[in-house]
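Structure data follow from my_file-v1.cif (mmCIF, C-alpha atoms and all ligand atoms):
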data_data
loop_
_atom_site.label_atom_id
_atom_site.label_comp_id
_atom_site.auth_asym_id
_atom_site.auth_seq_id
_atom_site.Cartn_x
_atom_site.Cartn_y
_atom_site.Cartn_z
CA MET A 1 1.73 -16.72 3.35
CA ILE A 2 0.81 -13.16 4.38
CA PHE A 3 -1.88 -12.70 1.73
CA LYS A 4 -3.55 -16.14 1.77
CA ASP A 5 -7.19 -15.85 0.57
CA LYS A 6 -6.76 -12.14 -0.26
CA VAL A 7 -7.74 -10.79 -3.66
CA ALA A 8 -5.59 -8.13 -5.29
CA ILE A 9 -5.84 -5.99 -8.40
CA VAL A 10 -2.61 -4.66 -9.91
CA THR A 11 -3.08 -2.23 -12.77
CA GLY A 12 -0.26 -2.20 -15.29
CA GLY A 13 0.75 -5.61 -14.01
CA SER A 14 2.07 -6.92 -17.32
CA ARG A 15 5.52 -5.32 -17.17
CA GLY A 16 8.06 -3.50 -15.04
CA ILE A 17 7.14 -2.48 -11.51
CA GLY A 18 3.58 -3.83 -11.74
CA LYS A 19 4.85 -7.25 -12.76
CA ALA A 20 7.12 -7.43 -9.70
CA ILE A 21 4.23 -6.35 -7.46
CA ALA A 22 1.84 -8.92 -8.97
CA MET A 23 4.43 -11.68 -8.60
CA GLY A 24 5.25 -10.66 -5.01
CA LEU A 25 1.61 -10.65 -3.97
CA ALA A 26 0.91 -13.99 -5.68
CA LEU A 27 3.94 -15.67 -4.08
CA GLN A 28 2.52 -14.60 -0.72
CA GLY A 29 -0.81 -16.29 -1.45
CA ALA A 30 -2.93 -13.50 -2.96
CA LYS A 31 -5.19 -14.22 -5.92
CA VAL A 32 -4.11 -11.51 -8.34
CA ALA A 33 -5.90 -9.81 -11.24
CA ILE A 34 -3.34 -8.34 -13.61
CA ILE A 35 -4.70 -5.44 -15.63
CA TYR A 36 -2.90 -4.67 -18.87
CA LYS A 37 -3.59 -2.46 -21.87
CA GLY A 38 -1.64 -3.81 -24.84
CA SER A 39 0.82 -6.41 -23.59
CA LYS A 40 -1.39 -9.51 -23.78
CA GLU A 41 1.48 -11.91 -24.30
CA ALA A 42 3.42 -10.55 -21.32
CA ALA A 43 0.31 -10.61 -19.10
CA ASP A 44 -0.59 -14.17 -20.11
CA GLY A 45 3.04 -15.19 -19.60
CA LEU A 46 3.00 -13.80 -16.07
CA VAL A 47 -0.25 -15.62 -15.26
CA ALA A 48 1.39 -18.87 -16.42
CA GLU A 49 4.57 -18.14 -14.44
CA ILE A 50 2.55 -17.48 -11.29
CA ALA A 51 0.56 -20.70 -11.83
CA SER A 52 3.80 -22.67 -12.30
CA LYS A 53 4.87 -21.44 -8.85
CA GLY A 54 1.59 -22.58 -7.29
CA GLY A 55 -0.13 -19.17 -7.30
CA THR A 56 -3.38 -17.88 -8.76
CA ALA A 57 -3.66 -15.01 -11.23
CA ILE A 58 -5.83 -13.86 -14.10
CA ALA A 59 -5.13 -11.25 -16.79
CA ILE A 60 -7.74 -8.71 -17.89
CA GLN A 61 -7.37 -6.24 -20.74
CA ALA A 62 -8.55 -2.72 -19.95
CA ASP A 63 -7.60 0.89 -20.46
CA VAL A 64 -7.53 2.32 -16.93
CA ALA A 65 -8.50 5.71 -18.34
CA GLU A 66 -11.98 4.39 -19.28
CA TYR A 67 -14.27 4.73 -16.28
CA ALA A 68 -17.04 2.37 -17.47
CA ARG A 69 -14.51 -0.33 -18.30
CA THR A 70 -12.92 -0.19 -14.84
CA LYS A 71 -16.35 -0.86 -13.28
CA GLU A 72 -16.74 -3.92 -15.54
CA VAL A 73 -13.24 -5.13 -14.60
CA VAL A 74 -13.93 -4.90 -10.88
CA GLU A 75 -17.20 -6.83 -11.32
CA GLU A 76 -15.35 -9.50 -13.29
CA VAL A 77 -12.68 -9.80 -10.59
CA GLU A 78 -15.29 -10.03 -7.84
CA LYS A 79 -17.10 -12.78 -9.74
CA THR A 80 -13.97 -14.75 -10.60
CA LEU A 81 -11.71 -14.28 -7.58
CA GLY A 82 -13.88 -12.67 -4.88
CA GLY A 83 -14.11 -9.25 -3.21
CA VAL A 84 -11.04 -7.08 -3.64
CA ASP A 85 -8.84 -6.64 -0.56
CA ILE A 86 -5.82 -4.94 -2.14
CA LEU A 87 -5.79 -2.41 -4.99
CA VAL A 88 -2.49 -1.30 -6.49
CA ASN A 89 -2.86 1.58 -8.94
CA ASN A 90 0.39 1.18 -10.81
CA ALA A 91 -0.51 1.70 -14.51
CA GLY A 92 1.20 4.78 -15.80
CA MET A 93 2.73 6.42 -18.83
CA ILE A 94 4.94 9.31 -19.85
CA HIS A 95 4.71 11.55 -22.89
CA ASP A 96 7.44 14.10 -22.30
CA ASP A 97 7.78 17.35 -24.20
CA LEU A 98 8.67 20.93 -23.39
CA PHE A 99 5.52 22.78 -22.37
CA VAL A 100 5.32 25.08 -25.40
CA ARG A 101 5.44 22.03 -27.67
CA LEU A 102 3.07 19.92 -25.60
CA GLU A 103 -0.14 19.09 -27.45
CA PRO A 104 -3.39 19.12 -25.45
CA GLU A 105 -3.78 15.40 -26.25
CA GLN A 106 -0.39 14.64 -24.64
CA TRP A 107 -1.53 16.49 -21.56
CA SER A 108 -4.93 14.77 -21.31
CA LYS A 109 -3.68 11.28 -22.10
CA VAL A 110 -1.09 11.32 -19.32
CA ILE A 111 -3.45 12.92 -16.79
CA GLN A 112 -6.29 10.56 -17.72
CA THR A 113 -4.12 7.45 -17.51
CA ASN A 114 -2.08 8.21 -14.40
CA LEU A 115 -4.49 10.26 -12.30
CA GLY A 116 -7.76 9.28 -14.01
CA GLY A 117 -6.91 5.57 -13.84
CA THR A 118 -6.20 5.88 -10.13
CA PHE A 119 -9.50 7.68 -9.57
CA ASN A 120 -11.42 5.16 -11.69
CA PHE A 121 -10.25 2.05 -9.84
CA CYS A 122 -10.54 3.67 -6.41
CA HIS A 123 -14.06 4.78 -7.26
CA ALA A 124 -15.03 1.31 -8.43
CA ILE A 125 -13.68 -0.37 -5.27
CA ALA A 126 -13.80 2.07 -2.32
CA PHE A 127 -17.42 1.46 -1.39
CA SER A 128 -17.10 -2.31 -1.12
CA MET A 129 -13.90 -1.94 0.94
CA MET A 130 -15.73 0.49 3.25
CA ARG A 131 -18.57 -1.98 3.65
CA LYS A 132 -16.12 -4.78 4.52
CA ARG A 133 -14.35 -2.36 6.88
CA SER A 134 -11.00 -3.42 5.51
CA GLY A 135 -8.87 -2.80 2.46
CA ARG A 136 -5.57 -1.55 1.21
CA ILE A 137 -5.09 0.93 -1.60
CA ILE A 138 -1.57 1.68 -2.81
CA ASN A 139 -0.98 4.24 -5.54
CA ILE A 140 2.27 4.40 -7.45
CA SER A 141 3.44 7.98 -7.63
CA SER A 142 6.92 9.28 -8.52
CA VAL A 143 9.67 11.46 -7.09
CA ALA A 144 9.03 13.53 -10.24
CA ALA A 145 6.00 15.00 -8.45
CA ASP A 146 8.30 17.13 -6.28
CA TYR A 147 11.74 16.92 -7.88
CA VAL A 148 10.74 18.11 -11.29
CA ASN A 149 12.36 17.74 -14.71
CA PRO A 150 11.88 19.86 -17.85
CA GLY A 151 9.43 18.28 -20.29
CA GLN A 152 7.25 16.67 -17.63
CA THR A 153 4.53 19.19 -16.79
CA ASN A 154 1.92 16.54 -17.59
CA TYR A 155 3.63 13.67 -15.76
CA ALA A 156 4.67 15.72 -12.70
CA SER A 157 1.14 17.16 -12.42
CA SER A 158 -0.41 13.69 -12.58
CA LYS A 159 1.89 12.35 -9.86
CA GLY A 160 1.59 15.43 -7.65
CA ALA A 161 -2.17 15.08 -7.86
CA ILE A 162 -1.92 11.38 -7.00
CA ASN A 163 -0.09 12.35 -3.79
CA SER A 164 -2.82 14.83 -2.82
CA PHE A 165 -5.54 12.37 -3.84
CA THR A 166 -3.91 9.67 -1.69
CA LYS A 167 -3.94 11.88 1.40
CA SER A 168 -7.51 13.13 0.84
CA LEU A 169 -8.91 9.65 0.25
CA ALA A 170 -6.99 8.28 3.24
CA VAL A 171 -8.79 10.74 5.51
CA GLU A 172 -12.18 9.70 4.12
CA LEU A 173 -11.60 5.96 4.43
CA ALA A 174 -9.53 5.73 7.62
CA SER A 175 -12.41 5.20 10.04
CA ARG A 176 -13.67 2.33 7.85
CA GLY A 177 -10.49 0.32 8.18
CA VAL A 178 -9.21 1.12 4.69
CA THR A 179 -5.70 2.50 4.32
CA VAL A 180 -4.56 4.54 1.32
CA ASN A 181 -0.87 5.15 0.70
CA ALA A 182 1.45 5.97 -2.17
CA VAL A 183 4.93 4.82 -3.12
CA ALA A 184 7.11 7.29 -5.02
CA PRO A 185 9.89 5.54 -6.94
CA GLY A 186 13.04 7.21 -8.21
CA PHE A 187 14.84 5.78 -11.26
CA ILE A 188 13.80 2.17 -11.64
CA GLU A 189 15.12 -0.09 -14.41
CA THR A 190 12.04 -0.65 -16.55
CA ASP A 191 10.91 0.12 -20.11
CA MET A 192 9.56 3.49 -18.95
CA SER A 193 12.94 4.84 -17.86
CA ALA A 194 14.94 3.13 -20.63
CA ALA A 195 15.07 6.09 -23.03
CA VAL A 196 16.37 8.52 -20.39
CA ARG A 197 18.82 5.97 -18.98
CA ASN A 198 20.14 5.16 -22.44
CA LYS A 199 20.47 8.83 -23.37
CA ALA A 200 22.18 9.97 -20.16
CA GLY A 201 24.41 6.93 -19.67
CA ASP A 202 25.90 6.78 -16.18
CA MET A 203 25.39 10.51 -15.59
CA ILE A 204 22.12 10.00 -13.70
CA LYS A 205 23.76 7.61 -11.25
CA LYS A 206 25.99 10.47 -10.06
CA PHE A 207 22.89 12.09 -8.57
CA ILE A 208 21.78 8.91 -6.81
CA PRO A 209 23.63 8.59 -3.49
CA MET A 210 23.40 4.78 -3.74
CA LYS A 211 24.96 4.99 -7.23
CA ARG A 212 22.58 2.52 -8.81
CA TYR A 213 19.14 2.41 -10.39
CA GLY A 214 16.38 0.73 -8.44
CA GLN A 215 14.91 -2.60 -9.45
CA PRO A 216 11.15 -3.25 -9.74
CA GLU A 217 11.46 -5.53 -6.70
CA ASP A 218 12.70 -2.58 -4.59
CA ILE A 219 9.29 -0.98 -5.12
CA ALA A 220 7.33 -4.23 -4.86
CA LYS A 221 8.74 -4.96 -1.39
CA VAL A 222 7.44 -1.64 -0.05
CA VAL A 223 4.05 -2.15 -1.70
CA LEU A 224 3.81 -5.61 -0.13
CA PHE A 225 4.64 -4.14 3.27
CA LEU A 226 1.94 -1.46 2.90
CA ALA A 227 -0.55 -4.16 1.88
CA SER A 228 0.37 -6.35 4.87
CA PRO A 229 -1.12 -6.44 8.39
CA ASP A 230 2.14 -4.93 9.70
CA ALA A 231 1.23 -1.63 8.03
CA SER A 232 -2.27 -1.40 9.49
CA TYR A 233 -1.59 1.93 11.28
CA ILE A 234 -0.05 3.68 8.25
CA THR A 235 -2.30 5.75 6.02
CA GLY A 236 -2.10 8.85 3.85
CA GLN A 237 1.66 8.54 3.39
CA VAL A 238 3.84 8.91 0.33
CA ILE A 239 6.85 6.63 0.79
CA THR A 240 9.85 7.56 -1.35
CA VAL A 241 12.00 4.71 -2.65
CA ASP A 242 14.81 6.27 -4.68
CA GLY A 243 18.25 5.35 -3.34
CA GLY A 244 18.48 8.86 -1.89
CA LEU A 245 17.98 10.73 -5.20
CA SER A 246 15.45 13.20 -3.77
CA LEU A 247 17.81 14.24 -0.98
CA GLY A 248 19.36 16.48 -3.62
CA ALA A 249 22.91 15.91 -2.35
CA ALA A 250 25.79 17.08 -4.52
CA SER A 251 27.19 14.24 -6.60
CA GLY A 252 30.03 12.45 -4.86
P1 LIG B 301 6.35 0.37 -17.76
O1 LIG B 301 7.45 -0.62 -17.68
O2 LIG B 301 6.27 1.30 -18.91
O3 LIG B 301 4.96 -0.40 -17.60
C1 LIG B 301 3.77 0.33 -17.61
C2 LIG B 301 2.62 -0.57 -17.28
O4 LIG B 301 1.42 0.23 -17.23
C3 LIG B 301 2.39 -1.64 -18.32
O5 LIG B 301 1.94 -2.81 -17.67
C4 LIG B 301 1.27 -1.06 -19.19
O6 LIG B 301 0.44 -2.03 -19.79
C5 LIG B 301 0.46 -0.33 -18.14
N1 LIG B 301 -0.38 0.72 -18.71
C6 LIG B 301 0.02 1.89 -19.29
N2 LIG B 301 -1.04 2.61 -19.70
C7 LIG B 301 -2.14 1.86 -19.38
C8 LIG B 301 -3.53 2.05 -19.54
N3 LIG B 301 -4.02 3.16 -20.10
N4 LIG B 301 -4.36 1.08 -19.11
C9 LIG B 301 -3.87 -0.05 -18.53
N5 LIG B 301 -2.56 -0.27 -18.33
C10 LIG B 301 -1.71 0.67 -18.76
O7 LIG B 301 6.36 1.32 -16.48
P2 LIG B 301 6.99 1.14 -15.02
O8 LIG B 301 8.30 1.77 -15.01
O9 LIG B 301 6.83 -0.25 -14.55
O10 LIG B 301 6.01 2.12 -14.21
C11 LIG B 301 5.01 1.66 -13.33
C12 LIG B 301 4.55 2.84 -12.49
O11 LIG B 301 5.67 3.36 -11.76
C13 LIG B 301 4.01 4.01 -13.31
O12 LIG B 301 2.91 4.58 -12.64
C14 LIG B 301 5.17 4.98 -13.35
O13 LIG B 301 4.74 6.31 -13.53
C15 LIG B 301 5.79 4.74 -12.00
N6 LIG B 301 7.18 5.16 -11.90
C16 LIG B 301 8.15 4.55 -12.64
C17 LIG B 301 9.47 4.98 -12.52
C18 LIG B 301 10.60 4.34 -13.28
O14 LIG B 301 11.74 4.82 -13.20
N7 LIG B 301 10.39 3.28 -14.01
C19 LIG B 301 9.80 6.03 -11.66
C20 LIG B 301 8.78 6.64 -10.94
C21 LIG B 301 7.48 6.19 -11.06
P3 LIG B 301 0.72 -2.59 -21.29
O15 LIG B 301 2.13 -3.06 -21.32
O16 LIG B 301 -0.27 -3.68 -21.44
O17 LIG B 301 0.47 -1.45 -22.21
#

Rewrite the structure from the file as structure tokens, please.
Ligand code: NAP
Amino acid sequence: MIFKDKVAIVTGGSRGIGKAIAMGLALQGAKVAIIYKGSKEAADGLVAEIASKGGTAIAIQADVAEYARTKEVVEEVEKTLGGVDILVNNAGMIHDDLFVRLEPEQWSKVIQTNLGGTFNFCHAIAFSMMRKRSGRIINISSVAADYVNPGQTNYASSKGAINSFTKSLAVELASRGVTVNAVAPGFIETDMSAAVRNKAGDMIKKFIPMKRYGQPEDIAKVVLFLASPDASYITGQVITVDGGLSLGAASG
């Protein structure tokens, strides 16, 4: 059990990629706090599923965009499970629209959730990780940061900023034994990508050299590696996991 006695927080752990990460960490012995916003039933269900497999998890409701609430959540986790060793900032959302139609609220909401949520949890946890001289922070970015699509100025900006934030924070925390990395998924089969996948049919797969969408577990495995002792000399990196999509090869 690689993560025996470790405590992990996974934001957006109720569904999709976050669920696979939370399950993966728990199956390797970590005590996992699953942060969700609205999906109480799914989060409680995952806690029960983890318990049925001999693991430990709790579910906490919070909007990652609310700074004060994230501080409370971290305190609650520390009290219930212990000091946090692994933080996975996975909670994210899209609200796509062409720029001229984009409302300021759609801009702020996406930036505040994706980038703000990442800032909030890092800010609540970084100091205690520095004091312990160990810790792993993994931020979930997206290939959309660099390989942009129309209608995603808000989303692409949030993910591009997460990449820069990851590198900057990595430099600040490196000498204290804390690594900070990001994982940038391509098209992964979750609720978030369902609308685009349903609309485009198999067309998108033509642009993916591996000719298939990724599964949440494809991302979780890389997150688990970055959280493990084997990745102790890796920091400030953005690891792309996209079946080759971002290589931009002509469809074959
Ligand atoms: P998803 O299936 O839509 O799940 C999103 C998760 O984030 C849910 O657990 C949701 O909680 C949580 N969440 C959203 N807003 C929140 C908030 N304000 N506070 C707390 N939790 C919040 O999405 P996913 O596909 O698994 O995406 C996970 C991450 O991967 C995101 O950062 C996304 O940008 C990134 N990503 C996904 C893809 C893809 O193709 N799927 C590609 C690249 C990057 P509730 O259910 O409780 O609301």

Given 6 Å and only C-alpha atoms and all ligand atoms, residues near ligand LIG 301 (chain B) as a VMD selection string: chain A and resid 11 to 18 36 to 39 62 to 65 90 to 93 113 140 to 142 185 to 193

Compile the contact shell of segment 28-34 of chain A as a list in words: residues with an atom at most 7 Å away, counting only C-alpha atoms, same-chain residues fewer than 5 positions apart removed.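 Contacts, in chain order: Met1, Ile2, Phe3, Lys4, Asp5, Lys6, Val7, Ala8, Ile9, Val10, Thr11, Gly13, Ser14, Ala22, Ala43, Gly55, Thr56, Ala57, Ile58, Ala59, Ile60, Val77 and Leu81 of chain A.
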
Which residues come within 7 Å of Asn163 of chain A, counting all atoms listed in the file, excluding same-chain residues fewer than 3 positions away, as a PyMOL selection string? chain A and resi 141+159-160+166-167+182+238

Rank A:Asp44, A:Val183, A:Met210, A:Met130 by their smallest atom-to-atom distance to Ala145 of chain A, using only C-alpha atoms, and report the top residue only. A:Val183

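Counting from atom CA of Met129 of chain A, the distance to atom CA of Asn114 of chain A is 21.9 Å.
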
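The nearest approach to Leu247 of chain A among the residues A:Arg212, A:Ser228, A:Gly177, A:Tyr147, with all atoms listed in the file taken into account, belongs to A:Tyr147.
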
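The gap separating atom CA of Asn89 of chain A from atom CA of Leu102 of chain A is 25.5 Å, in Å to one decimal.
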
Point-to-point distance from atom CA of Glu41 of chain A to atom CA of Thr70 of chain A, Å rounded to tenths: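 So the two atoms, atom CA of Glu41 of chain A and atom CA of Thr70 of chain A, lie 20.8 Å apart.
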
Interface rows for segment 67-145 of chain A against segment 229-235 of chain A: nearest pair, Å to one decimal, 10 Å, all atoms listed in the file, as CSV:
residue,atom,partner,partner_atom,distance
A:Ser134,CA,A:Ser232,CA,9.8
A:Gly135,CA,A:Ser232,CA,9.7
A:Arg136,CA,A:Ser232,CA,8.9
A:Ile137,CA,A:Thr235,CA,9.4
A:Ile138,CA,A:Thr235,CA,9.8

Quick one: of A:Ile94, A:Tyr213, A:Lys109, A:Arg131, who's nearest to Arg197 of chain A, counting all atoms listed in the file?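 Closest to Arg197 of chain A of all the choices is A:Tyr213.
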
Generate the missing atoms of segment 205-216 of chain A up to all heavy atoms and report them as a PDB file, keeping the file's coordinate frame.
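Done, and the output landed in out_10.pdb:
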ATOM      1  N   LYS A 205      23.344   8.320 -12.478  1.00  0.00           N
ATOM      2  CA  LYS A 205      23.760   7.610 -11.250  1.00  0.00           C
ATOM      3  C   LYS A 205      24.566   8.524 -10.324  1.00  0.00           C
ATOM      4  O   LYS A 205      24.601   8.310  -9.121  1.00  0.00           O
ATOM      5  CB  LYS A 205      24.573   6.373 -11.604  1.00  0.00           C
ATOM      6  CG  LYS A 205      23.731   5.260 -12.201  1.00  0.00           C
ATOM      7  CD  LYS A 205      24.549   3.994 -12.366  1.00  0.00           C
ATOM      8  CE  LYS A 205      23.788   2.965 -13.165  1.00  0.00           C
ATOM      9  NZ  LYS A 205      24.636   1.943 -13.734  1.00  0.00           N
ATOM     10  N   LYS A 206      25.209   9.543 -10.896  1.00  0.00           N
ATOM     11  CA  LYS A 206      25.990  10.470 -10.060  1.00  0.00           C
ATOM     12  C   LYS A 206      25.088  11.197  -9.066  1.00  0.00           C
ATOM     13  O   LYS A 206      25.528  11.621  -8.013  1.00  0.00           O
ATOM     14  CB  LYS A 206      26.655  11.519 -10.948  1.00  0.00           C
ATOM     15  CG  LYS A 206      27.791  10.976 -11.747  1.00  0.00           C
ATOM     16  CD  LYS A 206      28.620  12.102 -12.319  1.00  0.00           C
ATOM     17  CE  LYS A 206      29.792  11.515 -13.078  1.00  0.00           C
ATOM     18  NZ  LYS A 206      30.225  12.307 -14.172  1.00  0.00           N
ATOM     19  N   PHE A 207      23.818  11.355  -9.444  1.00  0.00           N
ATOM     20  CA  PHE A 207      22.890  12.090  -8.570  1.00  0.00           C
ATOM     21  C   PHE A 207      22.152  11.167  -7.596  1.00  0.00           C
ATOM     22  O   PHE A 207      21.337  11.607  -6.807  1.00  0.00           O
ATOM     23  CB  PHE A 207      21.875  12.872  -9.430  1.00  0.00           C
ATOM     24  CG  PHE A 207      22.550  13.932 -10.252  1.00  0.00           C
ATOM     25  CD1 PHE A 207      22.907  13.688 -11.569  1.00  0.00           C
ATOM     26  CD2 PHE A 207      22.861  15.161  -9.686  1.00  0.00           C
ATOM     27  CE1 PHE A 207      23.554  14.653 -12.322  1.00  0.00           C
ATOM     28  CE2 PHE A 207      23.515  16.137 -10.428  1.00  0.00           C
ATOM     29  CZ  PHE A 207      23.860  15.885 -11.744  1.00  0.00           C
ATOM     30  N   ILE A 208      22.424   9.876  -7.713  1.00  0.00           N
ATOM     31  CA  ILE A 208      21.780   8.910  -6.810  1.00  0.00           C
ATOM     32  C   ILE A 208      22.821   8.512  -5.761  1.00  0.00           C
ATOM     33  O   ILE A 208      23.823   7.862  -6.096  1.00  0.00           O
ATOM     34  CB  ILE A 208      21.297   7.650  -7.578  1.00  0.00           C
ATOM     35  CG1 ILE A 208      20.374   8.052  -8.728  1.00  0.00           C
ATOM     36  CG2 ILE A 208      20.608   6.679  -6.624  1.00  0.00           C
ATOM     37  CD1 ILE A 208      19.986   6.899  -9.657  1.00  0.00           C
ATOM     38  N   PRO A 209      22.629   8.915  -4.501  1.00  0.00           N
ATOM     39  CA  PRO A 209      23.630   8.590  -3.490  1.00  0.00           C
ATOM     40  C   PRO A 209      24.005   7.104  -3.462  1.00  0.00           C
ATOM     41  O   PRO A 209      25.154   6.764  -3.197  1.00  0.00           O
ATOM     42  CB  PRO A 209      22.967   9.050  -2.180  1.00  0.00           C
ATOM     43  CG  PRO A 209      22.123  10.209  -2.611  1.00  0.00           C
ATOM     44  CD  PRO A 209      21.574   9.819  -3.966  1.00  0.00           C
ATOM     45  N   MET A 210      23.059   6.216  -3.748  1.00  0.00           N
ATOM     46  CA  MET A 210      23.400   4.780  -3.740  1.00  0.00           C
ATOM     47  C   MET A 210      24.081   4.316  -5.020  1.00  0.00           C
ATOM     48  O   MET A 210      24.445   3.143  -5.149  1.00  0.00           O
ATOM     49  CB  MET A 210      22.156   3.943  -3.468  1.00  0.00           C
ATOM     50  CG  MET A 210      21.716   4.062  -2.022  1.00  0.00           C
ATOM     51  SD  MET A 210      20.407   2.914  -1.637  1.00  0.00           S
ATOM     52  CE  MET A 210      20.243   3.242   0.103  1.00  0.00           C
ATOM     53  N   LYS A 211      24.196   5.245  -5.990  1.00  0.00           N
ATOM     54  CA  LYS A 211      24.960   4.990  -7.230  1.00  0.00           C
ATOM     55  C   LYS A 211      24.449   3.820  -8.067  1.00  0.00           C
ATOM     56  O   LYS A 211      25.205   3.154  -8.758  1.00  0.00           O
ATOM     57  CB  LYS A 211      26.456   4.735  -6.918  1.00  0.00           C
ATOM     58  CG  LYS A 211      27.110   5.858  -6.155  1.00  0.00           C
ATOM     59  CD  LYS A 211      27.227   7.106  -6.994  1.00  0.00           C
ATOM     60  CE  LYS A 211      27.723   8.289  -6.204  1.00  0.00           C
ATOM     61  NZ  LYS A 211      27.096   9.535  -6.527  1.00  0.00           N
ATOM     62  N   ARG A 212      23.156   3.557  -7.946  1.00  0.00           N
ATOM     63  CA  ARG A 212      22.580   2.520  -8.810  1.00  0.00           C
ATOM     64  C   ARG A 212      21.113   2.826  -9.042  1.00  0.00           C
ATOM     65  O   ARG A 212      20.484   3.521  -8.236  1.00  0.00           O
ATOM     66  CB  ARG A 212      22.746   1.121  -8.194  1.00  0.00           C
ATOM     67  CG  ARG A 212      21.934   0.904  -6.921  1.00  0.00           C
ATOM     68  CD  ARG A 212      21.926  -0.552  -6.486  1.00  0.00           C
ATOM     69  NE  ARG A 212      21.190  -0.765  -5.245  1.00  0.00           N
ATOM     70  CZ  ARG A 212      19.888  -1.029  -5.172  1.00  0.00           C
ATOM     71  NH1 ARG A 212      19.156  -1.097  -6.266  1.00  0.00           N
ATOM     72  NH2 ARG A 212      19.305  -1.224  -3.994  1.00  0.00           N
ATOM     73  N   TYR A 213      20.584   2.307 -10.157  1.00  0.00           N
ATOM     74  CA  TYR A 213      19.140   2.410 -10.390  1.00  0.00           C
ATOM     75  C   TYR A 213      18.435   1.407  -9.493  1.00  0.00           C
ATOM     76  O   TYR A 213      19.023   0.395  -9.094  1.00  0.00           O
ATOM     77  CB  TYR A 213      18.805   2.094 -11.852  1.00  0.00           C
ATOM     78  CG  TYR A 213      19.421   3.060 -12.827  1.00  0.00           C
ATOM     79  CD1 TYR A 213      20.282   2.620 -13.832  1.00  0.00           C
ATOM     80  CD2 TYR A 213      19.146   4.425 -12.735  1.00  0.00           C
ATOM     81  CE1 TYR A 213      20.851   3.510 -14.723  1.00  0.00           C
ATOM     82  CE2 TYR A 213      19.717   5.328 -13.615  1.00  0.00           C
ATOM     83  CZ  TYR A 213      20.565   4.861 -14.612  1.00  0.00           C
ATOM     84  OH  TYR A 213      21.123   5.749 -15.469  1.00  0.00           O
ATOM     85  N   GLY A 214      17.162   1.692  -9.206  1.00  0.00           N
ATOM     86  CA  GLY A 214      16.380   0.730  -8.440  1.00  0.00           C
ATOM     87  C   GLY A 214      15.878  -0.383  -9.346  1.00  0.00           C
ATOM     88  O   GLY A 214      15.807  -0.238 -10.573  1.00  0.00           O
ATOM     89  N   GLN A 215      15.513  -1.485  -8.727  1.00  0.00           N
ATOM     90  CA  GLN A 215      14.910  -2.600  -9.450  1.00  0.00           C
ATOM     91  C   GLN A 215      13.413  -2.642  -9.121  1.00  0.00           C
ATOM     92  O   GLN A 215      13.007  -2.199  -8.033  1.00  0.00           O
ATOM     93  CB  GLN A 215      15.561  -3.927  -9.035  1.00  0.00           C
ATOM     94  CG  GLN A 215      17.033  -4.019  -9.411  1.00  0.00           C
ATOM     95  CD  GLN A 215      17.254  -3.834 -10.906  1.00  0.00           C
ATOM     96  OE1 GLN A 215      16.578  -4.469 -11.716  1.00  0.00           O
ATOM     97  NE2 GLN A 215      18.167  -2.940 -11.269  1.00  0.00           N
ATOM     98  N   PRO A 216      12.590  -3.162 -10.032  1.00  0.00           N
ATOM     99  CA  PRO A 216      11.150  -3.250  -9.740  1.00  0.00           C
ATOM    100  C   PRO A 216      10.851  -3.877  -8.377  1.00  0.00           C
ATOM    101  O   PRO A 216       9.938  -3.464  -7.678  1.00  0.00           O
ATOM    102  CB  PRO A 216      10.630  -4.114 -10.895  1.00  0.00           C
ATOM    103  CG  PRO A 216      11.570  -3.831 -12.023  1.00  0.00           C
ATOM    104  CD  PRO A 216      12.917  -3.633 -11.392  1.00  0.00           C
TER     105      PRO A 216
END
